[in-house]
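> My structure is stored as work_22.cif, with mmCIF, C-alpha atoms.
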```
data_model
loop_
_atom_site.label_atom_id
_atom_site.label_comp_id
_atom_site.auth_asym_id
_atom_site.auth_seq_id
_atom_site.Cartn_x
_atom_site.Cartn_y
_atom_site.Cartn_z
CA MET D 586 87.28 94.10 65.90
CA ASP D 587 85.01 94.05 62.88
CA PHE D 588 81.77 92.13 63.23
CA ASP D 589 81.02 89.57 60.51
CA MET D 590 77.26 89.13 60.90
CA ARG D 591 77.10 86.35 58.30
CA ALA D 592 79.77 84.28 60.01
CA PHE D 593 78.22 84.87 63.44
CA ALA D 594 74.77 83.70 62.30
CA ALA D 595 76.13 80.65 60.50
CA ASP D 596 78.41 79.61 63.37
CA LEU D 597 75.57 80.02 65.86
CA CYS D 598 73.32 77.83 63.69
CA ARG D 599 75.92 75.06 63.89
CA HIS D 600 75.20 74.69 67.60
CA ARG D 601 72.55 72.05 68.33
CA SER D 602 70.99 74.22 71.00
CA THR D 603 67.77 72.30 71.59
CA ALA D 604 66.08 72.41 75.00
CA GLY D 605 68.64 71.92 77.76
CA GLU D 606 71.56 72.07 75.34
CA GLU D 607 72.03 75.84 75.12
CA ALA D 608 75.22 76.14 77.18
CA ALA D 609 77.69 75.71 74.29
CA ALA D 610 75.84 78.26 72.16
CA ALA D 611 75.77 80.65 75.13
CA ALA D 612 79.54 80.27 75.57
CA PHE D 613 80.07 80.99 71.88
CA VAL D 614 77.97 84.17 72.03
CA ALA D 615 79.62 85.35 75.26
CA GLU D 616 83.08 84.90 73.75
CA ARG D 617 82.15 86.79 70.59
CA LEU D 618 80.55 89.63 72.58
CA ALA D 619 83.65 89.92 74.76
CA ASP D 620 85.86 90.00 71.66
CA LEU D 621 83.71 92.84 70.33
CA GLY D 622 84.22 94.88 73.49
CA PHE D 623 80.92 94.24 75.27
CA GLU D 624 80.82 93.87 79.03
CA THR D 625 79.39 90.38 79.44
CA TYR D 626 76.94 88.85 81.91
CA ALA D 627 75.73 85.27 82.35
CA TRP D 628 73.00 83.59 84.35
CA ASP D 629 71.42 80.17 84.66
CA ALA D 630 67.74 79.37 84.88
CA ASP D 631 66.91 79.33 88.58
CA PRO D 632 64.37 76.70 89.69
CA ALA D 633 63.74 78.51 92.99
CA VAL D 634 62.83 81.70 91.13
CA LEU D 635 60.80 79.98 88.42
CA ALA D 636 58.83 77.83 90.88
CA ASP D 637 57.00 80.99 91.97
CA HIS D 638 56.31 82.05 88.38
CA PRO D 639 52.75 81.38 87.15
CA SER D 640 53.99 80.07 83.80
CA PHE D 641 56.12 77.27 85.22
CA PRO D 642 55.37 74.09 87.17
CA ASP D 643 55.97 74.45 90.91
CA ASP D 644 57.99 71.23 91.08
CA LEU D 645 61.00 72.41 89.05
CA ASP D 646 64.34 71.16 90.32
CA ALA D 647 67.98 71.65 89.37
CA ALA D 648 67.87 68.79 86.87
CA ALA D 649 64.99 70.44 84.97
CA VAL D 650 67.02 73.58 84.26
CA GLU D 651 70.50 72.11 83.89
CA GLY D 652 72.44 73.57 80.96
CA ARG D 653 70.00 76.45 80.46
CA ARG D 654 72.51 79.29 80.43
CA SER D 655 71.79 82.77 79.11
CA VAL D 656 74.30 85.50 78.36
CA ALA D 657 74.30 89.20 77.56
CA GLY D 658 76.64 91.93 76.42
CA VAL D 659 76.39 95.60 77.38
CA LEU D 660 77.64 98.69 75.57
CA GLU D 661 77.58 102.09 77.25
CA LEU D 662 77.64 104.68 74.49
CA GLY D 663 78.00 108.43 74.34
CA GLY D 664 77.79 109.98 77.79
CA ALA D 665 76.31 106.85 79.40
CA SER D 666 79.41 106.02 81.42
CA ASP D 667 79.37 109.46 83.08
CA ALA D 668 75.61 109.82 83.64
CA GLY D 669 73.80 108.33 86.61
CA ASP D 670 72.14 104.97 86.04
CA ASP D 671 68.69 106.49 86.40
CA LEU D 672 69.44 108.99 83.62
CA VAL D 673 70.78 106.55 81.03
CA PRO D 674 68.19 105.09 78.66
CA THR D 675 68.65 101.32 78.57
CA LEU D 676 67.35 99.31 75.61
CA VAL D 677 67.50 95.52 75.54
CA LEU D 678 67.90 93.74 72.19
CA ASN D 679 66.80 90.19 72.90
CA GLY D 680 67.04 86.90 71.04
CA HIS D 681 66.80 83.28 72.11
CA LEU D 682 69.45 80.63 71.69
CA ASP D 683 67.30 77.52 71.76
CA VAL D 684 65.79 75.80 68.75
CA VAL D 685 63.25 73.04 68.29
CA PRO D 686 64.47 69.59 67.20
CA ALA D 687 64.89 68.86 63.49
CA GLU D 688 64.10 65.60 61.70
CA PRO D 689 67.05 65.11 59.29
CA THR D 690 64.98 62.93 56.94
CA GLU D 691 62.68 65.91 56.26
CA TRP D 692 65.56 68.19 55.31
CA SER D 693 67.48 68.42 52.06
CA SER D 694 70.72 69.03 54.01
CA ASP D 695 72.08 68.66 57.54
CA PRO D 696 69.84 70.92 59.69
CA PHE D 697 72.86 72.05 61.72
CA GLU D 698 75.20 72.69 58.81
CA PRO D 699 74.22 76.12 57.43
CA VAL D 700 73.72 76.39 53.69
CA TRP D 701 73.93 79.67 51.80
CA GLY D 702 71.81 79.66 48.67
CA ASP D 703 69.83 81.54 46.10
CA ALA D 704 66.12 81.77 46.85
CA ALA D 705 65.28 81.96 43.16
CA ALA D 706 66.71 78.47 42.69
CA ARG D 707 64.84 77.02 45.65
CA ASP D 708 61.67 74.99 45.43
CA ALA D 709 60.00 77.08 48.10
CA PRO D 710 56.43 76.77 49.37
CA PRO D 711 54.03 79.53 48.33
CA GLY D 712 54.55 82.84 50.07
CA ARG D 713 58.26 82.45 50.77
CA ASP D 714 60.88 84.87 49.51
CA ALA D 715 61.81 84.22 45.89
CA ASP D 716 64.77 86.57 45.43
CA GLY D 717 68.20 87.16 46.93
CA GLU D 718 70.58 85.17 49.11
CA THR D 719 69.27 82.85 51.78
CA LEU D 720 70.54 81.04 54.86
CA THR D 721 69.10 77.59 55.56
CA ALA D 722 69.58 75.86 58.92
CA ARG D 723 67.61 75.01 62.03
CA GLY D 724 67.28 78.34 63.83
CA ALA D 725 68.05 80.46 60.78
CA ALA D 726 64.67 82.20 61.04
CA ASP D 727 63.71 81.33 64.62
CA MET D 728 65.77 83.17 65.66
CA LYS D 729 69.54 83.06 65.43
CA SER D 730 69.67 85.44 62.49
CA GLY D 731 67.55 87.85 64.51
CA LEU D 732 70.07 87.59 67.34
CA ALA D 733 72.86 88.28 64.85
CA ALA D 734 70.96 91.39 63.75
CA CYS D 735 70.80 92.53 67.39
CA VAL D 736 74.57 92.23 67.78
CA GLY D 737 75.07 93.94 64.42
CA ALA D 738 72.75 96.79 65.39
CA ALA D 739 74.58 97.42 68.68
CA VAL D 740 77.95 97.44 66.92
CA ALA D 741 76.57 99.75 64.23
CA VAL D 742 75.35 102.25 66.83
CA ARG D 743 78.74 102.22 68.54
CA GLU D 744 80.48 102.82 65.22
CA GLY D 745 78.02 105.58 64.38
CA VAL D 746 78.73 107.33 67.68
CA ALA D 747 82.44 107.09 66.97
CA ASP D 748 82.24 108.57 63.46
CA GLY D 749 79.54 111.12 64.28
CA SER D 750 76.78 109.64 62.13
CA VAL D 751 74.72 108.69 65.20
CA ASP D 752 73.64 111.58 67.41
CA LEU D 753 72.96 110.60 71.01
CA PRO D 754 71.77 112.91 73.79
CA PRO D 755 74.19 113.89 76.62
CA SER D 756 72.90 110.99 78.73
CA GLY D 757 74.02 108.57 76.02
CA LEU D 758 72.56 105.10 75.58
CA ARG D 759 73.04 101.71 77.17
CA LEU D 760 72.45 98.78 74.81
CA VAL D 761 72.03 95.26 76.18
CA VAL D 762 72.19 92.35 73.74
CA GLU D 763 70.65 89.27 75.34
CA ALA D 764 70.94 85.67 74.17
CA VAL D 765 68.58 83.67 76.33
CA ALA D 766 67.84 79.99 76.85
CA GLY D 767 64.57 78.12 76.82
CA GLU D 768 62.20 80.41 74.95
CA GLU D 769 60.62 77.55 73.02
CA ASP D 770 59.49 75.80 76.20
CA GLY D 771 58.48 78.74 78.32
CA GLY D 772 61.22 81.34 78.54
CA TYR D 773 63.54 79.96 81.21
CA GLY D 774 66.27 82.55 80.64
CA ALA D 775 64.07 85.59 80.08
CA ALA D 776 61.81 84.78 83.02
CA THR D 777 64.74 84.33 85.39
CA ALA D 778 66.23 87.65 84.27
CA ALA D 779 62.87 89.40 84.61
CA LEU D 780 62.35 88.18 88.17
CA ALA D 781 65.97 88.36 89.36
CA SER D 782 67.79 90.85 87.15
CA PRO D 783 71.42 89.93 86.41
CA TYR D 784 72.24 93.59 85.79
CA PRO D 785 73.18 96.43 88.16
CA PHE D 786 70.88 98.82 86.28
CA GLU D 787 67.23 99.13 85.28
CA ARG D 788 65.91 98.23 81.82
CA ASP D 789 63.61 100.71 80.13
CA ALA D 790 62.39 98.80 77.06
CA ALA D 791 63.15 95.82 74.86
CA ILE D 792 63.09 94.79 71.22
CA VAL D 793 62.69 91.03 70.84
CA ALA D 794 63.94 89.98 67.41
CA GLU D 795 61.44 87.22 66.62
CA PRO D 796 60.69 86.66 62.91
CA THR D 797 57.95 89.24 62.30
CA GLU D 798 58.62 90.04 58.63
CA LEU D 799 60.03 93.42 59.73
CA ARG D 800 56.72 94.46 61.26
CA PRO D 801 56.30 95.56 64.89
CA VAL D 802 54.20 93.16 66.96
CA VAL D 803 52.75 94.64 70.14
CA ALA D 804 50.43 91.84 71.30
CA CYS D 805 51.18 88.15 71.78
CA GLU D 806 48.64 85.46 72.44
CA GLY D 807 48.93 83.24 75.45
CA SER D 808 48.23 79.54 75.66
CA LEU D 809 46.86 77.01 78.08
CA MET D 810 48.56 73.62 77.97
CA ALA D 811 46.21 71.03 79.43
CA ARG D 812 46.05 67.24 79.53
CA LEU D 813 42.74 65.40 79.22
CA GLU D 814 42.39 61.92 80.71
CA ILE D 815 39.32 59.74 80.15
CA ASP D 816 38.68 56.33 81.72
CA GLY D 817 36.46 53.68 80.13
CA ARG D 818 36.13 49.94 80.61
CA SER D 819 37.98 47.33 78.58
CA ALA D 820 36.36 44.32 76.95
CA HIS D 821 37.21 41.83 74.22
CA ALA D 822 36.63 43.34 70.80
CA ALA D 823 34.33 40.41 69.97
CA THR D 824 32.02 41.55 72.77
CA ARG D 825 32.65 45.25 72.59
CA TRP D 826 29.16 46.03 73.95
CA ARG D 827 30.44 44.95 77.35
CA GLY D 828 33.08 47.69 77.36
CA GLU D 829 32.99 51.47 77.61
CA ASP D 830 34.94 52.91 74.69
CA VAL D 831 36.86 56.13 75.44
CA LEU D 832 37.12 57.20 71.79
CA PRO D 833 33.51 58.35 71.22
CA ARG D 834 33.77 60.24 74.51
CA PHE D 835 36.95 61.93 73.34
CA GLU D 836 35.31 62.88 70.05
CA ALA D 837 32.45 64.47 71.99
CA VAL D 838 34.94 66.52 74.01
CA ARG D 839 36.90 67.53 70.92
CA GLU D 840 33.71 68.62 69.16
CA ALA D 841 32.64 70.62 72.21
CA PHE D 842 36.04 72.34 72.36
CA ALA D 843 35.83 73.14 68.64
CA GLU D 844 32.42 74.71 69.19
CA LEU D 845 33.83 76.77 72.05
CA GLU D 846 36.73 77.85 69.84
CA ALA D 847 34.21 79.14 67.27
CA GLU D 848 32.15 80.88 69.94
CA ARG D 849 35.23 82.58 71.35
CA ALA D 850 36.24 83.79 67.89
CA GLU D 851 32.97 85.77 67.90
CA SER D 852 32.72 86.79 71.54
CA VAL D 853 36.37 87.60 72.36
CA SER D 854 37.38 90.46 70.10
CA HIS D 855 40.62 92.38 69.72
CA PRO D 856 41.40 94.93 66.99
CA LEU D 857 44.84 93.46 66.27
CA TYR D 858 43.42 89.97 65.65
CA GLU D 859 40.55 90.67 63.29
CA SER D 860 42.52 89.44 60.26
CA PHE D 861 43.16 85.97 61.67
CA PRO D 862 40.72 83.28 60.52
CA VAL D 863 41.05 81.59 63.91
CA PRO D 864 42.18 84.16 66.46
CA TRP D 865 42.29 81.88 69.53
CA PRO D 866 43.15 78.41 68.17
CA VAL D 867 42.49 75.14 69.96
CA VAL D 868 44.63 72.18 68.92
CA CYS D 869 44.82 68.66 70.27
CA GLY D 870 48.42 67.86 69.46
CA ARG D 871 48.73 64.41 71.00
CA VAL D 872 46.33 61.54 71.67
CA GLU D 873 47.09 58.11 73.07
CA ALA D 874 44.36 55.56 73.70
CA GLY D 875 43.93 51.85 74.35
CA SER D 876 46.43 49.07 74.81
CA TRP D 877 45.65 46.34 72.26
CA ALA D 878 43.99 46.15 68.86
CA SER D 879 41.40 43.58 69.94
CA THR D 880 40.50 45.29 73.22
CA VAL D 881 37.98 48.08 73.71
CA PRO D 882 40.13 51.11 74.62
CA ALA D 883 39.66 51.93 78.28
CA THR D 884 42.17 54.75 78.74
CA LEU D 885 42.85 57.93 76.83
CA ASP D 886 45.44 60.64 77.34
CA ALA D 887 45.29 63.76 75.15
CA GLU D 888 47.12 67.09 75.24
CA PHE D 889 45.62 70.41 74.17
CA ARG D 890 47.06 73.81 73.36
CA ILE D 891 44.36 76.47 73.80
CA GLY D 892 44.81 80.09 72.75
CA VAL D 893 44.43 82.89 75.32
CA ALA D 894 43.62 86.38 74.05
CA PRO D 895 45.43 89.52 75.24
CA GLY D 896 43.39 90.82 78.15
CA GLU D 897 42.44 87.32 79.30
CA THR D 898 44.23 85.11 81.79
CA VAL D 899 45.13 81.46 81.46
CA ALA D 900 42.97 80.74 84.51
CA GLU D 901 39.88 82.36 82.95
CA VAL D 902 40.24 80.37 79.73
CA GLU D 903 40.91 77.17 81.65
CA ALA D 904 37.69 77.69 83.59
CA ALA D 905 35.70 78.16 80.36
CA PHE D 906 36.98 74.92 78.84
CA ARG D 907 36.57 73.04 82.08
CA GLU D 908 32.93 74.16 82.23
CA ARG D 909 32.38 72.94 78.65
CA LEU D 910 33.98 69.60 79.53
CA ASP D 911 31.63 69.30 82.51
CA ARG D 912 28.67 69.72 80.15
CA VAL D 913 29.89 66.85 78.00
CA ALA D 914 30.31 64.67 81.08
CA ALA D 915 26.84 65.57 82.35
CA ASP D 916 25.29 64.31 79.10
CA ASP D 917 27.00 60.90 79.28
CA PRO D 918 25.90 58.42 82.00
CA TRP D 919 29.31 56.75 82.09
CA LEU D 920 31.23 60.04 82.34
CA ARG D 921 28.90 61.29 85.04
CA GLU D 922 30.11 58.38 87.17
CA HIS D 923 33.71 58.51 85.88
CA PRO D 924 34.48 62.22 85.32
CA PRO D 925 37.29 63.04 82.89
CA ARG D 926 40.34 64.82 84.28
CA PHE D 927 41.59 68.07 82.76
CA GLU D 928 44.81 69.43 84.27
CA ARG D 929 47.56 71.80 83.27
CA PHE D 930 50.91 70.40 82.27
CA SER D 931 54.22 71.83 81.11
CA VAL D 932 54.58 75.62 80.81
CA GLN D 933 51.74 78.09 80.47
CA PHE D 934 52.02 81.22 78.31
CA GLU D 935 50.25 84.31 79.60
CA PRO D 936 49.32 86.81 76.87
CA ALA D 937 51.09 90.14 76.70
CA GLU D 938 50.33 93.49 75.11
CA ILE D 939 51.72 97.02 75.07
CA ALA D 940 50.21 100.20 73.64
CA VAL D 941 50.91 101.01 70.02
CA ASP D 942 52.21 104.43 71.07
CA GLU D 943 54.80 103.15 73.55
CA PRO D 944 58.12 104.95 72.93
CA VAL D 945 59.87 101.70 71.94
CA VAL D 946 57.17 100.99 69.33
CA GLU D 947 57.43 104.51 67.94
CA ALA D 948 61.21 104.14 67.87
CA VAL D 949 60.94 100.95 65.82
CA ARG D 950 58.56 102.64 63.39
CA ALA D 951 60.96 105.56 63.13
CA GLY D 952 63.76 103.08 62.45
CA LEU D 953 61.75 101.59 59.61
CA ALA D 954 61.21 105.02 58.09
CA ALA D 955 64.83 106.06 58.55
CA THR D 956 66.08 103.03 56.63
CA GLY D 957 63.56 103.25 53.81
CA LEU D 958 61.39 100.35 54.92
CA PRO D 959 57.58 100.56 54.90
CA ASP D 960 56.12 102.00 58.11
CA VAL D 961 53.48 99.35 58.78
CA GLU D 962 50.89 99.37 61.53
CA PRO D 963 51.71 97.30 64.62
CA ARG D 964 49.90 93.98 64.76
CA GLY D 965 49.22 91.02 67.03
CA ALA D 966 50.57 87.45 66.87
CA THR D 967 48.85 84.18 67.67
CA TYR D 968 52.01 82.75 69.24
CA GLY D 969 53.71 83.50 72.54
CA ALA D 970 57.18 84.97 73.02
CA ASP D 971 59.61 86.11 75.68
CA SER D 972 58.23 89.63 75.39
CA ARG D 973 55.62 88.61 77.98
CA HIS D 974 58.28 88.26 80.66
CA PHE D 975 59.53 91.80 80.03
CA VAL D 976 55.99 93.18 80.02
CA ALA D 977 55.14 91.38 83.27
CA ALA D 978 58.21 93.00 84.83
CA GLY D 979 57.06 96.46 83.74
CA ILE D 980 59.45 96.68 80.76
CA PRO D 981 57.65 97.52 77.48
CA ALA D 982 58.71 95.02 74.81
CA VAL D 983 57.95 94.92 71.10
CA LEU D 984 58.64 92.03 68.73
CA PHE D 985 60.51 93.07 65.60
CA GLY D 986 62.83 90.99 63.48
CA PRO D 987 63.72 89.46 60.12
CA GLY D 988 62.14 86.38 58.59
CA THR D 989 58.69 84.89 58.85
CA ILE D 990 57.04 82.71 61.45
CA ASP D 991 56.03 80.44 58.55
CA GLU D 992 59.64 79.21 58.47
CA ALA D 993 59.83 78.57 62.20
CA HIS D 994 59.99 74.86 63.14
CA TYR D 995 59.78 74.05 59.41
CA PRO D 996 61.98 71.64 57.41
CA ASP D 997 64.67 73.50 55.45
CA GLU D 998 64.11 76.54 57.67
CA THR D 999 65.30 79.51 55.64
CA ILE D 1000 65.70 83.27 55.92
CA ALA D 1001 66.33 85.92 53.27
CA TRP D 1002 69.64 87.49 54.26
CA GLU D 1003 68.65 90.92 52.95
CA GLU D 1004 65.98 90.97 55.68
CA VAL D 1005 68.62 90.35 58.36
CA VAL D 1006 70.63 93.30 57.06
CA ALA D 1007 67.49 95.44 56.96
CA ALA D 1008 66.61 94.44 60.54
CA ARG D 1009 70.09 95.37 61.75
CA ASP D 1010 69.84 98.82 60.16
CA ALA D 1011 66.29 99.44 61.39
CA VAL D 1012 67.07 98.37 64.96
CA ALA D 1013 70.19 100.56 65.01
CA ALA D 1014 68.12 103.55 63.86
CA ALA D 1015 65.41 102.67 66.41
CA ALA D 1016 67.99 102.64 69.21
CA GLU D 1017 69.15 106.15 68.28
CA ARG D 1018 65.56 107.39 68.16
CA PHE D 1019 64.75 105.71 71.50
CA ALA D 1020 67.69 107.41 73.24
CA ASN D 1021 66.73 110.85 71.95
CA ASP D 1022 63.04 110.43 72.77
CA TYR D 1023 63.96 109.27 76.28
CA ALA D 1024 66.04 112.38 76.86
CA ALA D 1025 63.47 114.77 75.40
#
```
Hey, can you dump this file as structure tokens for me?

Amino acid sequence: MDFDMRAFAADLCRHRSTAGEEAAAAAFVAERLADLGFETYAWDADPAVLADHPSFPDDLDAAAVEGRRSVAGVLELGGASDAGDDLVPTLVLNGHLDVVPAEPTEWSSDPFEPVWGDAAARDAPPGRDADGETLTARGAADMKSGLAACVGAAVAVREGVADGSVDLPPSGLRLVVEAVAGEEDGGYGAATAALASPYPFERDAAIVAEPTELRPVVACEGSLMARLEIDGRSAHAATRWRGEDVLPRFEAVREAFAELEAERAESVSHPLYESFPVPWPVVCGRVEAGSWASTVPATLDAEFRIGVAPGETVAEVEAAFRERLDRVAADDPWLREHPPRFERFSVQFEPAEIAVDEPVVEAVRAGLAATGLPDVEPRGATYGADSRHFVAAGIPAVLFGPGTIDEAHYPDETIAWEEVVAARDAVAAAAERFANDYAA
């Protein structure tokens, strides 16, 4: 069966696969992979497995992971079916099924009805592609088109083996195309597979097709998710001096965290992050305070996302910010008696990094060269990705895919289709190079 990459990407974008709603998209991908001749696998996020994972809360239950199904398809190419499992190079091509919610009022079309268009006719923000055909939909860039490129690459390698244009070693090549659930909120599918492999074979390396503008990314930042709670004392607004307002206290904490962010930008260095104006960002994404307009606000709840550099741990960074918070409290008589609380919530992202000369990175760079794309130096990213779960399991993983992170989570999320085609070709060439390097 021929593989129509355009139709696959568009049909996948029609699935509203937000957190906990990935099952239908997983079924679609599994059916298409089976039709294409892949051996298929499926697994669900396992709360018992994830409860022991440092990224996830330890109180996960079945309800928290319901509907979070992941699927994969496997092709054994060349001599892979005759060689022993330990001799067959196995390369995972990974993409995630889930997308973030979309606000329809911010979009010029239905976010889950794909629109093919001409970038030159689009009123695009600065820096976006201005030429060629585009696909607009929630998930078009992050990262359903990347997943389509993974499927297309695997099919292309199989076709190349059949017609003799792809030269594999005697041990062949095993390609695994993964479509996983829950990347946006921690990596439920990838983490479960890393800790309790659904496959009867080992995995040697992975390419994760996040939108990297066709550049290899070998380091991903981690993040601490922490909730700040401050207690004050309420009073009538007409006699506000009788109350203890939480807002000035919050501003003092926020200013202290901003100062620590600036200090860390100078003291925590990494060669792949020197180009970022803020390498380890600190953002307070939600604040809720008070209960009534004419009452001094006596409660405050705020949530922070704090960047963690490759080489650091979430625990180390948490300790640094907790110490800075303690300083603020020590300088305020009220907070000394009523200490603010600073606790983790949700999912934590540990940073991940692999060497720039890992075979899978060199294979991707060779794939770029083989398809006429610029061979650019590997870089780092200030976001987290499922690559960290592979790396933690001892499986080197590089991010490489079409599109730009600037489109991710954005209204009218769009990808230049020529980049998807280029990613498919480069990943296919990288897979051939990986197999031959492995056998050398």
> Selected by the PyMOL selection byres ((chain D and resi 768) around 8) in the shown coordinates: which residues, as a PDB file with C-alpha atoms, in the coordinates of the input?

```pdb
ATOM      1  CA  HIS D 681      66.800  83.280  72.110  1.00  0.00           C
ATOM      2  CA  LEU D 682      69.450  80.630  71.690  1.00  0.00           C
ATOM      3  CA  ASP D 683      67.300  77.520  71.760  1.00  0.00           C
ATOM      4  CA  VAL D 765      68.580  83.670  76.330  1.00  0.00           C
ATOM      5  CA  ALA D 766      67.840  79.990  76.850  1.00  0.00           C
ATOM      6  CA  GLY D 767      64.570  78.120  76.820  1.00  0.00           C
ATOM      7  CA  GLU D 769      60.620  77.550  73.020  1.00  0.00           C
ATOM      8  CA  ASP D 770      59.490  75.800  76.200  1.00  0.00           C
ATOM      9  CA  GLY D 771      58.480  78.740  78.320  1.00  0.00           C
ATOM     10  CA  GLY D 772      61.220  81.340  78.540  1.00  0.00           C
ATOM     11  CA  TYR D 773      63.540  79.960  81.210  1.00  0.00           C
ATOM     12  CA  GLY D 774      66.270  82.550  80.640  1.00  0.00           C
ATOM     13  CA  ALA D 775      64.070  85.590  80.080  1.00  0.00           C
ATOM     14  CA  ALA D 970      57.180  84.970  73.020  1.00  0.00           C
ATOM     15  CA  ASP D 971      59.610  86.110  75.680  1.00  0.00           C
TER      16      ASP D 971
END
```
> The PyMOL selection byres ((chain D and resi 931-934) around 6) - which residues does that actually catch in the file I just gave you? List them as a PyMOL selection string.
chain D and resi 640-641+771+807-809+930+935
> Go through the shown structure with the PyMOL selection byres ((chain D and resi 985) around 12) and write out the matching residues as a PyMOL selection string.
chain D and resi 678-680+728+731-732+734-735+791-804+945-946+948-950+952-953+961+963-966+970+972+982-984+986-990+1004-1005+1007-1009+1011-1012+1015
> If we count all atoms listed in the file and set the cut-off at 12 Å, which residues sit around D:Ala1025, ignoring sequence neighbours fewer than 6 positions away in its own chain? Please answer as a list in words.
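Once the adjacent positions are removed, what remains is Leu672, Pro674, Leu753, Pro754, Pro755, Ser756, Pro944, Arg1018 and Phe1019 of chain D.
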> Mind pulling up the distance from atom CA of D:Glu718 to atom CA of D:Ala955?
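Atom CA of D:Glu718 lies at a distance of 23.6 Å from atom CA of D:Ala955.
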> Which residues are close to D:Glu651, i.e. within 10 Å by all atoms listed in the file, leaving aside same-chain residues fewer than 4 positions away? Reply as a list in words.
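Result of the neighbour search: Ala604, Gly605, Glu606, Glu607, Ala608, Asp629, Ala630, Asp631, Pro632, Asp646 and Ala647 of chain D.
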